[in-house]
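Peer 1: Let me begin by handing over the structure; questions about it come next.
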Amino acid sequence: MKIAVLTDSTSIIDPQIKRKLNIKVLPLPLLVNGKTYYEKYYHDYVELKNDLGKSQCFLSAGQVSVEALQEIVDDLIEKGYTDVICVHIDDSISGLGSNLRSFAIKQRNKINIHLVDSYSFGIIEGKLTQLVGEWVAAGEDWQTIKPKILQARNKMHTLVIMKNLKHISTTGYIKNGVSSVEKTLLNPKTLLRFGQDGCLEVTNTFSQYGRLFKEVRREIAPAYQEMAGDLKISIMMIQNKRNQQIVSKLITLLNRVYPVAKIDMHEMPLSMIAHIGEQSIVISWN
């Protein structure tokens, strides 16, 4: 048995760890005004990032083609892999998981594809992928890894702060029944969480960041009480002046309330932005 580890481009993993564990990445197509881009190409990344925030630029996520999936799988088969464990973006905000399940059924006579819905994206998706990579490198098989990765997933949490829900209305859905009009107009600041079933749901809307940050603090509190100094909080955003000012206030609050927790910041990949918009901020902890 030879197992490959695959994730998608919304997953945030240190490049050195990715190389060390031989983790493969499926690039998600990014759409702007009918044109397709891929984050893996540097010129695409630079062009799209420069255009973000312009009135005519609406970045959305496209569907991965069967041909793109087949190319990756055929390459793995040629290299002698018998199994693929794929950790992917949450089902409620992307159709990737559904496409992968259909594709896996058609490939079952050639290679075994095992899917893990991350119930998140970004840092949490990356951490789960890294765990799978480490277990595969240690010689563990899918039957051993499956219960462990599901248990690890249950201990990881993600919140999303959004000022506009129009991206969600084009790429996925919100569990607690927000209509398409409300998704577009819900204002001014919306806090959402990925629930225990993986579905994205609105917790509340806020007129002030101060009140919103108090709710974030309340969400993190149980994990801090259990883990204290082992708690890691990651904040993902587009690194611009506006976001840095907002996040600076959040970090000040978290440092005061949770002084021994480890807090780090990450540039949000364009693939994440395509699902939630460039003004969003994502907070994950485990």
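We label chains A, B, ... in the order they appear in the structure tokens, count residues from 1 in each chain, and number ligands from 1 in the order shown.
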As a PyMOL selection string, please: the residues near Leu76 (chain A) (cut-off 12 Å, only C-alpha atoms, same-chain neighbours under 2 positions excluded).
Peer 2: chain A and resi 2-6+22-24+69-74+78-85+110-113
Peer 1: Let me see the file: selected residues, C-alpha atoms, as a tab-separated table (two decimals), in the first residue's frame.
Peer 2:
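out-v4.tsv written:
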chain	number	residue	atom	x	y	z
A	2	LYS	CA	1.29	3.44	-0.97
A	3	ILE	CA	-0.75	6.42	0.21
A	4	ALA	CA	-0.72	9.96	-1.24
A	5	VAL	CA	-1.97	13.00	0.69
A	6	LEU	CA	-3.98	15.64	-1.20
A	22	ASN	CA	5.01	15.27	-0.03
A	23	ILE	CA	1.53	16.81	0.20
A	24	LYS	CA	-0.15	17.40	-3.17
A	69	LEU	CA	-8.72	15.58	-11.13
A	70	GLN	CA	-7.94	12.83	-13.60
A	71	GLU	CA	-4.52	14.32	-14.36
A	72	ILE	CA	-3.57	14.28	-10.67
A	73	VAL	CA	-4.87	10.74	-10.11
A	74	ASP	CA	-3.26	9.33	-13.25
A	78	GLU	CA	1.79	5.95	-12.51
A	79	LYS	CA	3.98	6.53	-9.43
A	80	GLY	CA	2.59	3.43	-7.74
A	81	TYR	CA	0.12	4.94	-5.28
A	82	THR	CA	-2.78	2.70	-4.29
A	83	ASP	CA	-4.64	5.16	-2.04
A	84	VAL	CA	-5.25	8.91	-1.75
A	85	ILE	CA	-6.40	10.67	1.40
A	110	LYS	CA	-7.98	2.06	-10.18
A	111	ILE	CA	-7.17	3.78	-6.87
A	112	ASN	CA	-8.85	4.20	-3.47
A	113	ILE	CA	-9.78	7.83	-2.73
Peer 1: Need to verify the contact set: Ile281 (chain A), 6 Å, only C-alpha atoms, exclusion of same-chain residues closer than 5 positions in sequence. Can you return it as a list in words?
Peer 2: Val160, Ile161, Met236 and Met237 of chain A
Peer 1: Might you pull out every residue within 12 Å of Asn286 (chain A), with only C-alpha atoms counted and same-chain residues fewer than 6 positions away left off, and present them as a PyMOL selection string?
Peer 2: chain A and resi 123-125+127-128+152-158+220-224+226-234+261-263
Peer 1: Could you give me, as a PyMOL selection string, the residues within 12 Å of Ala68 (chain A), counting only C-alpha atoms and dropping anything in the same chain fewer than 4 positions from it?
Peer 2: chain A and resi 25-29+63-64+72-75+99-100+103
Peer 1: Write out as a PyMOL selection string the residues lying within 12 Å of Ser94 (chain A), counting only C-alpha atoms and excluding same-chain residues fewer than 6 positions away.
Peer 2: chain A and resi 8+10+28+60-64+88+100+117-121+167-174+198-200+271-272+274-276
Peer 1: Let me see the file: selected residues, N, CA, C and O atoms, as a short mmCIF file (atom, residue, chain, number, x, y, z; two decimals), in the first residue's frame.
Peer 2:
data_model
loop_
_atom_site.label_atom_id
_atom_site.label_comp_id
_atom_site.auth_asym_id
_atom_site.auth_seq_id
_atom_site.Cartn_x
_atom_site.Cartn_y
_atom_site.Cartn_z
N ASP A 8 -6.66 20.97 -1.05
CA ASP A 8 -6.93 21.98 -2.08
C ASP A 8 -6.26 23.29 -1.69
O ASP A 8 -5.71 23.43 -0.60
N THR A 10 -7.25 26.14 -0.70
CA THR A 10 -7.69 26.97 0.43
C THR A 10 -6.95 26.57 1.71
O THR A 10 -7.05 27.25 2.72
N LEU A 28 -7.69 25.38 -6.95
CA LEU A 28 -9.07 25.70 -7.29
C LEU A 28 -9.08 26.82 -8.33
O LEU A 28 -8.37 27.82 -8.17
N SER A 60 -14.64 34.89 -7.54
CA SER A 60 -15.44 33.74 -7.10
C SER A 60 -14.70 32.45 -7.43
O SER A 60 -13.72 32.44 -8.19
N ALA A 61 -15.18 31.36 -6.86
CA ALA A 61 -14.53 30.07 -7.06
C ALA A 61 -15.23 29.29 -8.15
O ALA A 61 -16.46 29.21 -8.19
N GLY A 62 -14.46 28.71 -9.06
CA GLY A 62 -15.01 27.86 -10.10
C GLY A 62 -14.97 26.40 -9.70
O GLY A 62 -14.43 26.03 -8.66
N GLN A 63 -15.55 25.56 -10.53
CA GLN A 63 -15.56 24.13 -10.29
C GLN A 63 -14.30 23.49 -10.86
O GLN A 63 -13.88 23.81 -11.97
N VAL A 64 -13.70 22.60 -10.09
CA VAL A 64 -12.55 21.85 -10.58
C VAL A 64 -13.03 20.87 -11.65
O VAL A 64 -14.00 20.13 -11.44
N HIS A 88 -10.37 18.25 2.30
CA HIS A 88 -10.88 19.31 1.42
C HIS A 88 -11.68 20.36 2.17
O HIS A 88 -12.08 20.17 3.32
N LEU A 100 -15.69 15.52 -5.67
CA LEU A 100 -14.69 14.52 -5.34
C LEU A 100 -15.32 13.16 -5.03
O LEU A 100 -14.79 12.11 -5.41
N ASP A 117 -13.80 15.78 4.93
CA ASP A 117 -14.29 17.15 4.93
C ASP A 117 -13.67 17.85 6.15
O ASP A 117 -13.84 17.41 7.28
N SER A 118 -12.95 18.93 5.92
CA SER A 118 -12.26 19.61 7.02
C SER A 118 -13.21 20.33 7.97
O SER A 118 -12.80 20.75 9.06
N TYR A 119 -14.49 20.52 7.56
CA TYR A 119 -15.44 21.32 8.32
C TYR A 119 -14.88 22.73 8.53
O TYR A 119 -15.20 23.40 9.52
N SER A 120 -14.06 23.18 7.61
CA SER A 120 -13.42 24.47 7.75
C SER A 120 -12.69 24.79 6.45
O SER A 120 -13.04 24.26 5.39
N PHE A 121 -11.67 25.63 6.52
CA PHE A 121 -10.74 25.91 5.43
C PHE A 121 -9.56 26.64 6.06
O PHE A 121 -9.50 26.86 7.26
N HIS A 167 -20.61 36.44 -1.42
CA HIS A 167 -19.79 35.33 -1.89
C HIS A 167 -20.40 33.98 -1.48
O HIS A 167 -20.43 33.04 -2.26
N ILE A 168 -20.88 33.91 -0.25
CA ILE A 168 -21.50 32.66 0.22
C ILE A 168 -22.72 32.31 -0.62
O ILE A 168 -22.98 31.14 -0.91
N SER A 169 -23.46 33.31 -1.04
CA SER A 169 -24.67 33.04 -1.83
C SER A 169 -24.33 32.47 -3.20
O SER A 169 -25.19 31.88 -3.86
N THR A 170 -23.09 32.66 -3.67
CA THR A 170 -22.70 32.13 -4.98
C THR A 170 -21.96 30.80 -4.88
O THR A 170 -21.93 30.03 -5.83
N THR A 171 -21.31 30.54 -3.74
CA THR A 171 -20.49 29.32 -3.63
C THR A 171 -21.05 28.27 -2.68
O THR A 171 -20.65 27.11 -2.74
N GLY A 172 -21.98 28.66 -1.77
CA GLY A 172 -22.46 27.69 -0.78
C GLY A 172 -23.74 28.18 -0.13
O GLY A 172 -24.53 28.91 -0.72
N TYR A 173 -23.94 27.78 1.12
CA TYR A 173 -25.16 28.15 1.82
C TYR A 173 -24.89 28.29 3.31
O TYR A 173 -23.87 27.84 3.82
N ILE A 174 -25.84 28.93 4.01
CA ILE A 174 -25.76 29.09 5.45
C ILE A 174 -26.87 28.27 6.08
O ILE A 174 -28.01 28.34 5.66
N GLY A 198 -20.37 20.71 10.48
CA GLY A 198 -19.60 21.28 9.39
C GLY A 198 -20.31 22.40 8.65
O GLY A 198 -19.70 23.05 7.80
N CYS A 199 -21.59 22.65 8.95
CA CYS A 199 -22.32 23.68 8.21
C CYS A 199 -22.01 25.07 8.76
O CYS A 199 -21.91 25.26 9.97
N LEU A 200 -21.89 26.03 7.86
CA LEU A 200 -21.66 27.41 8.26
C LEU A 200 -22.98 28.01 8.71
O LEU A 200 -24.01 27.87 8.06
N SER A 271 -7.91 31.69 -2.80
CA SER A 271 -8.96 30.65 -2.86
C SER A 271 -9.95 30.80 -1.72
O SER A 271 -11.14 30.51 -1.88
N MET A 272 -9.49 31.25 -0.55
CA MET A 272 -10.40 31.53 0.56
C MET A 272 -11.23 32.77 0.26
O MET A 272 -12.44 32.80 0.49
N ALA A 274 -12.15 33.90 -2.51
CA ALA A 274 -13.17 33.60 -3.53
C ALA A 274 -14.44 33.05 -2.92
O ALA A 274 -15.52 33.14 -3.51
N HIS A 275 -14.36 32.51 -1.70
CA HIS A 275 -15.54 31.95 -1.03
C HIS A 275 -16.17 32.93 -0.04
O HIS A 275 -17.37 32.85 0.21
N ILE A 276 -15.38 33.85 0.53
CA ILE A 276 -15.92 34.69 1.61
C ILE A 276 -15.69 36.19 1.40
O ILE A 276 -16.17 36.99 2.19
#
Peer 1: Would you work out the distance separating CA of Pro147 (chain A) from CA of Val282 (chain A), expressed in Å to one decimal?
Peer 2: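 That distance, rounded to one decimal, is 26.8 Å.
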Peer 1: Extract, using only C-alpha atoms, all DNA, RNA and protein residues at most 8 Å from Phe206 (chain A), discarding same-chain residues fewer than 4 positions from it, and format them as a PyMOL selection string.
Peer 2: chain A and resi 187-191+211-212
Peer 1: Could the residues in this selection be written to a file with all heavy atoms, as a PDB file, in the first residue's frame?
Peer 2:
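Output (out-v6.pdb):
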ATOM      1  N   ASN A 187     -25.944  43.318   7.239  1.00  0.00           N
ATOM      2  CA  ASN A 187     -25.007  44.383   7.534  1.00  0.00           C
ATOM      3  C   ASN A 187     -25.184  44.766   8.996  1.00  0.00           C
ATOM      4  O   ASN A 187     -26.248  44.559   9.556  1.00  0.00           O
ATOM      5  CB  ASN A 187     -25.325  45.585   6.619  1.00  0.00           C
ATOM      6  CG  ASN A 187     -24.103  46.404   6.273  1.00  0.00           C
ATOM      7  OD1 ASN A 187     -22.996  45.908   6.292  1.00  0.00           O
ATOM      8  ND2 ASN A 187     -24.328  47.663   5.965  1.00  0.00           N
ATOM      9  N   PRO A 188     -24.180  45.310   9.645  1.00  0.00           N
ATOM     10  CA  PRO A 188     -22.904  45.708   9.072  1.00  0.00           C
ATOM     11  C   PRO A 188     -21.801  44.658   9.203  1.00  0.00           C
ATOM     12  O   PRO A 188     -20.915  44.581   8.364  1.00  0.00           O
ATOM     13  CB  PRO A 188     -22.542  46.955   9.860  1.00  0.00           C
ATOM     14  CG  PRO A 188     -23.175  46.731  11.204  1.00  0.00           C
ATOM     15  CD  PRO A 188     -24.410  45.918  10.958  1.00  0.00           C
ATOM     16  N   LYS A 189     -21.805  43.874  10.306  1.00  0.00           N
ATOM     17  CA  LYS A 189     -20.754  42.877  10.500  1.00  0.00           C
ATOM     18  C   LYS A 189     -21.405  41.585  10.976  1.00  0.00           C
ATOM     19  O   LYS A 189     -22.135  41.589  11.957  1.00  0.00           O
ATOM     20  CB  LYS A 189     -19.724  43.366  11.529  1.00  0.00           C
ATOM     21  CG  LYS A 189     -19.085  44.699  11.169  1.00  0.00           C
ATOM     22  CD  LYS A 189     -18.461  45.350  12.383  1.00  0.00           C
ATOM     23  CE  LYS A 189     -18.072  46.790  12.080  1.00  0.00           C
ATOM     24  NZ  LYS A 189     -19.257  47.663  11.950  1.00  0.00           N
ATOM     25  N   THR A 190     -21.125  40.505  10.294  1.00  0.00           N
ATOM     26  CA  THR A 190     -21.769  39.235  10.597  1.00  0.00           C
ATOM     27  C   THR A 190     -20.728  38.246  11.110  1.00  0.00           C
ATOM     28  O   THR A 190     -19.672  38.086  10.496  1.00  0.00           O
ATOM     29  CB  THR A 190     -22.445  38.655   9.343  1.00  0.00           C
ATOM     30  OG1 THR A 190     -23.320  39.631   8.796  1.00  0.00           O
ATOM     31  CG2 THR A 190     -23.229  37.400   9.678  1.00  0.00           C
ATOM     32  N   LEU A 191     -21.036  37.591  12.219  1.00  0.00           N
ATOM     33  CA  LEU A 191     -20.156  36.557  12.761  1.00  0.00           C
ATOM     34  C   LEU A 191     -20.773  35.199  12.465  1.00  0.00           C
ATOM     35  O   LEU A 191     -21.943  34.960  12.772  1.00  0.00           O
ATOM     36  CB  LEU A 191     -19.983  36.733  14.270  1.00  0.00           C
ATOM     37  CG  LEU A 191     -19.017  35.739  14.949  1.00  0.00           C
ATOM     38  CD1 LEU A 191     -17.598  35.931  14.447  1.00  0.00           C
ATOM     39  CD2 LEU A 191     -19.061  35.902  16.471  1.00  0.00           C
ATOM     40  N   ARG A 211     -18.272  44.853  20.328  1.00  0.00           N
ATOM     41  CA  ARG A 211     -19.249  43.842  20.757  1.00  0.00           C
ATOM     42  C   ARG A 211     -18.993  42.514  20.045  1.00  0.00           C
ATOM     43  O   ARG A 211     -19.128  41.435  20.632  1.00  0.00           O
ATOM     44  CB  ARG A 211     -20.662  44.337  20.466  1.00  0.00           C
ATOM     45  CG  ARG A 211     -21.070  45.554  21.297  1.00  0.00           C
ATOM     46  CD  ARG A 211     -22.464  46.007  20.926  1.00  0.00           C
ATOM     47  NE  ARG A 211     -23.449  44.967  21.185  1.00  0.00           N
ATOM     48  CZ  ARG A 211     -24.702  44.999  20.713  1.00  0.00           C
ATOM     49  NH1 ARG A 211     -25.090  46.016  19.963  1.00  0.00           N
ATOM     50  NH2 ARG A 211     -25.525  44.018  20.977  1.00  0.00           N
ATOM     51  N   LEU A 212     -18.620  42.597  18.778  1.00  0.00           N
ATOM     52  CA  LEU A 212     -18.322  41.378  18.026  1.00  0.00           C
ATOM     53  C   LEU A 212     -17.133  40.646  18.645  1.00  0.00           C
ATOM     54  O   LEU A 212     -17.153  39.424  18.806  1.00  0.00           O
ATOM     55  CB  LEU A 212     -18.034  41.740  16.564  1.00  0.00           C
ATOM     56  CG  LEU A 212     -17.836  40.587  15.570  1.00  0.00           C
ATOM     57  CD1 LEU A 212     -18.232  41.035  14.173  1.00  0.00           C
ATOM     58  CD2 LEU A 212     -16.396  40.106  15.542  1.00  0.00           C
TER      59      LEU A 212
END
Peer 1: Quick one: residues within 10 Å of Glu278 (chain A), only C-alpha atoms counted, chain neighbours fewer than 3 positions away excluded, as an mmCIF file with N, CA, C and O atoms, in the first residue's frame?
Peer 2:
data_model
loop_
_atom_site.group_PDB
_atom_site.id
_atom_site.type_symbol
_atom_site.label_atom_id
_atom_site.label_comp_id
_atom_site.auth_asym_id
_atom_site.auth_seq_id
_atom_site.Cartn_x
_atom_site.Cartn_y
_atom_site.Cartn_z
ATOM 1 N N LYS A 49 -4.560 39.920 -6.804
ATOM 2 C CA LYS A 49 -4.451 40.654 -5.543
ATOM 3 C C LYS A 49 -4.481 42.158 -5.792
ATOM 4 O O LYS A 49 -5.073 42.915 -5.007
ATOM 5 N N LEU A 52 -8.144 43.253 -6.292
ATOM 6 C CA LEU A 52 -9.104 43.113 -5.201
ATOM 7 C C LEU A 52 -9.506 44.490 -4.666
ATOM 8 O O LEU A 52 -8.684 45.370 -4.477
ATOM 9 N N GLY A 53 -10.778 44.655 -4.416
ATOM 10 C CA GLY A 53 -11.279 45.917 -3.905
ATOM 11 C C GLY A 53 -11.777 46.850 -4.984
ATOM 12 O O GLY A 53 -12.487 47.820 -4.692
ATOM 13 N N PHE A 58 -15.088 40.972 -8.943
ATOM 14 C CA PHE A 58 -15.777 40.052 -8.037
ATOM 15 C C PHE A 58 -15.137 38.685 -8.215
ATOM 16 O O PHE A 58 -15.326 38.006 -9.213
ATOM 17 N N LEU A 59 -14.326 38.319 -7.250
ATOM 18 C CA LEU A 59 -13.577 37.057 -7.299
ATOM 19 C C LEU A 59 -14.448 35.935 -6.761
ATOM 20 O O LEU A 59 -14.960 36.015 -5.646
ATOM 21 N N MET A 162 -17.700 38.567 8.444
ATOM 22 C CA MET A 162 -17.973 39.037 7.090
ATOM 23 C C MET A 162 -18.785 40.324 7.127
ATOM 24 O O MET A 162 -19.665 40.487 7.970
ATOM 25 N N LYS A 163 -18.488 41.228 6.194
ATOM 26 C CA LYS A 163 -19.285 42.456 6.048
ATOM 27 C C LYS A 163 -20.312 42.306 4.933
ATOM 28 O O LYS A 163 -21.228 43.105 4.827
ATOM 29 N N ASN A 164 -20.140 41.296 4.107
ATOM 30 C CA ASN A 164 -21.063 41.071 2.995
ATOM 31 C C ASN A 164 -21.095 39.580 2.696
ATOM 32 O O ASN A 164 -20.032 38.951 2.573
ATOM 33 N N HIS A 167 -20.613 36.441 -1.415
ATOM 34 C CA HIS A 167 -19.793 35.327 -1.893
ATOM 35 C C HIS A 167 -20.401 33.981 -1.481
ATOM 36 O O HIS A 167 -20.426 33.042 -2.261
ATOM 37 N N MET A 237 -6.387 36.903 7.099
ATOM 38 C CA MET A 237 -6.973 38.087 6.474
ATOM 39 C C MET A 237 -6.087 38.528 5.320
ATOM 40 O O MET A 237 -4.962 38.062 5.170
ATOM 41 N N ILE A 238 -6.610 39.431 4.504
ATOM 42 C CA ILE A 238 -5.780 40.127 3.528
ATOM 43 C C ILE A 238 -4.974 41.174 4.295
ATOM 44 O O ILE A 238 -5.537 41.961 5.053
ATOM 45 N N ASN A 243 -7.567 46.111 7.555
ATOM 46 C CA ASN A 243 -7.670 44.854 8.289
ATOM 47 C C ASN A 243 -6.685 44.790 9.449
ATOM 48 O O ASN A 243 -7.008 44.264 10.522
ATOM 49 N N MET A 268 -4.405 35.559 3.900
ATOM 50 C CA MET A 268 -5.472 34.703 3.405
ATOM 51 C C MET A 268 -5.250 34.369 1.923
ATOM 52 O O MET A 268 -5.060 35.261 1.107
ATOM 53 N N PRO A 269 -5.272 33.075 1.559
ATOM 54 C CA PRO A 269 -5.130 32.719 0.145
ATOM 55 C C PRO A 269 -6.296 33.247 -0.680
ATOM 56 O O PRO A 269 -7.405 33.421 -0.186
ATOM 57 N N LEU A 270 -6.027 33.495 -1.960
ATOM 58 C CA LEU A 270 -7.079 33.968 -2.844
ATOM 59 C C LEU A 270 -8.220 32.965 -2.933
ATOM 60 O O LEU A 270 -9.381 33.349 -3.119
ATOM 61 N N MET A 272 -9.489 31.251 -0.554
ATOM 62 C CA MET A 272 -10.405 31.527 0.555
ATOM 63 C C MET A 272 -11.226 32.770 0.263
ATOM 64 O O MET A 272 -12.442 32.798 0.494
ATOM 65 N N ILE A 273 -10.566 33.799 -0.255
ATOM 66 C CA ILE A 273 -11.255 35.048 -0.570
ATOM 67 C C ILE A 273 -12.383 34.806 -1.570
ATOM 68 O O ILE A 273 -13.450 35.424 -1.495
ATOM 69 N N ALA A 274 -12.152 33.900 -2.512
ATOM 70 C CA ALA A 274 -13.165 33.601 -3.531
ATOM 71 C C ALA A 274 -14.443 33.053 -2.917
ATOM 72 O O ALA A 274 -15.518 33.143 -3.514
ATOM 73 N N HIS A 275 -14.355 32.508 -1.702
ATOM 74 C CA HIS A 275 -15.537 31.955 -1.034
ATOM 75 C C HIS A 275 -16.172 32.928 -0.044
ATOM 76 O O HIS A 275 -17.375 32.845 0.212
ATOM 77 N N ILE A 281 -12.518 38.279 7.757
ATOM 78 C CA ILE A 281 -11.458 37.870 8.686
ATOM 79 C C ILE A 281 -11.850 36.509 9.248
ATOM 80 O O ILE A 281 -13.007 36.283 9.612
#
Peer 1: Pick out each residue of region 66-280 of chain A that DSSP on the backbone tags as alpha helix (DSSP H); I need them as a PyMOL selection string.
Peer 2: chain A and resi 66-78+96-107+123-137+142-154+166-171+180-185+209-227+241-257+270-276
Peer 1: One decimal, in Å: what's the spacing between CA of Gly195 (chain A) and CA of Gln244 (chain A)?
Peer 2: 27.1 Å
Peer 1: Based on the backbone DSSP call, show me all residues of region 29-173 of chain A assigned strand (DSSP E or B), as an mmCIF file with C-alpha atoms, in the first residue's frame.
Peer 2:
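Saved result, result35.cif, follows:
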data_model
loop_
_atom_site.group_PDB
_atom_site.id
_atom_site.type_symbol
_atom_site.label_atom_id
_atom_site.label_comp_id
_atom_site.auth_asym_id
_atom_site.auth_seq_id
_atom_site.Cartn_x
_atom_site.Cartn_y
_atom_site.Cartn_z
ATOM 1 C CA PRO A 29 -9.973 27.797 -10.359
ATOM 2 C CA LEU A 30 -10.624 31.459 -9.555
ATOM 3 C CA LEU A 31 -13.089 33.406 -11.704
ATOM 4 C CA VAL A 32 -13.183 37.144 -12.424
ATOM 5 C CA LYS A 35 -11.728 34.785 -16.932
ATOM 6 C CA THR A 36 -10.123 31.862 -15.074
ATOM 7 C CA TYR A 37 -7.014 32.238 -12.908
ATOM 8 C CA TYR A 38 -4.978 29.825 -10.771
ATOM 9 C CA SER A 60 -15.437 33.743 -7.102
ATOM 10 C CA ALA A 61 -14.533 30.066 -7.058
ATOM 11 C CA ASP A 83 -4.644 5.161 -2.039
ATOM 12 C CA VAL A 84 -5.252 8.910 -1.753
ATOM 13 C CA ILE A 85 -6.403 10.674 1.405
ATOM 14 C CA CYS A 86 -7.854 14.052 0.459
ATOM 15 C CA VAL A 87 -8.626 16.724 3.069
ATOM 16 C CA HIS A 88 -10.876 19.308 1.416
ATOM 17 C CA ASN A 112 -8.850 4.200 -3.472
ATOM 18 C CA ILE A 113 -9.777 7.831 -2.730
ATOM 19 C CA HIS A 114 -10.631 8.581 0.916
ATOM 20 C CA LEU A 115 -12.221 11.970 1.610
ATOM 21 C CA VAL A 116 -12.078 14.072 4.772
ATOM 22 C CA ASP A 117 -14.295 17.153 4.935
ATOM 23 C CA GLY A 122 -7.446 27.771 5.790
ATOM 24 C CA HIS A 157 -12.913 25.536 15.499
ATOM 25 C CA THR A 158 -13.355 28.351 12.999
ATOM 26 C CA LEU A 159 -15.204 31.674 13.053
ATOM 27 C CA VAL A 160 -15.683 33.981 10.067
ATOM 28 C CA ILE A 161 -16.296 37.739 10.248
ATOM 29 C CA MET A 162 -17.973 39.037 7.090
#
Peer 1: Which residue out of A:Gln130, A:Ser102, A:Ser284, A:Gln245 has the minimum interatomic distance to Asp14 (chain A) when only C-alpha atoms are used?
Peer 2: A:Gln130
Peer 1: Of the residues A:Lys249, A:Arg218, A:His266, A:Arg256, which is the one nearest to Ile13 (chain A), using only C-alpha atoms?
Peer 2: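 Closest candidate: A:His266.
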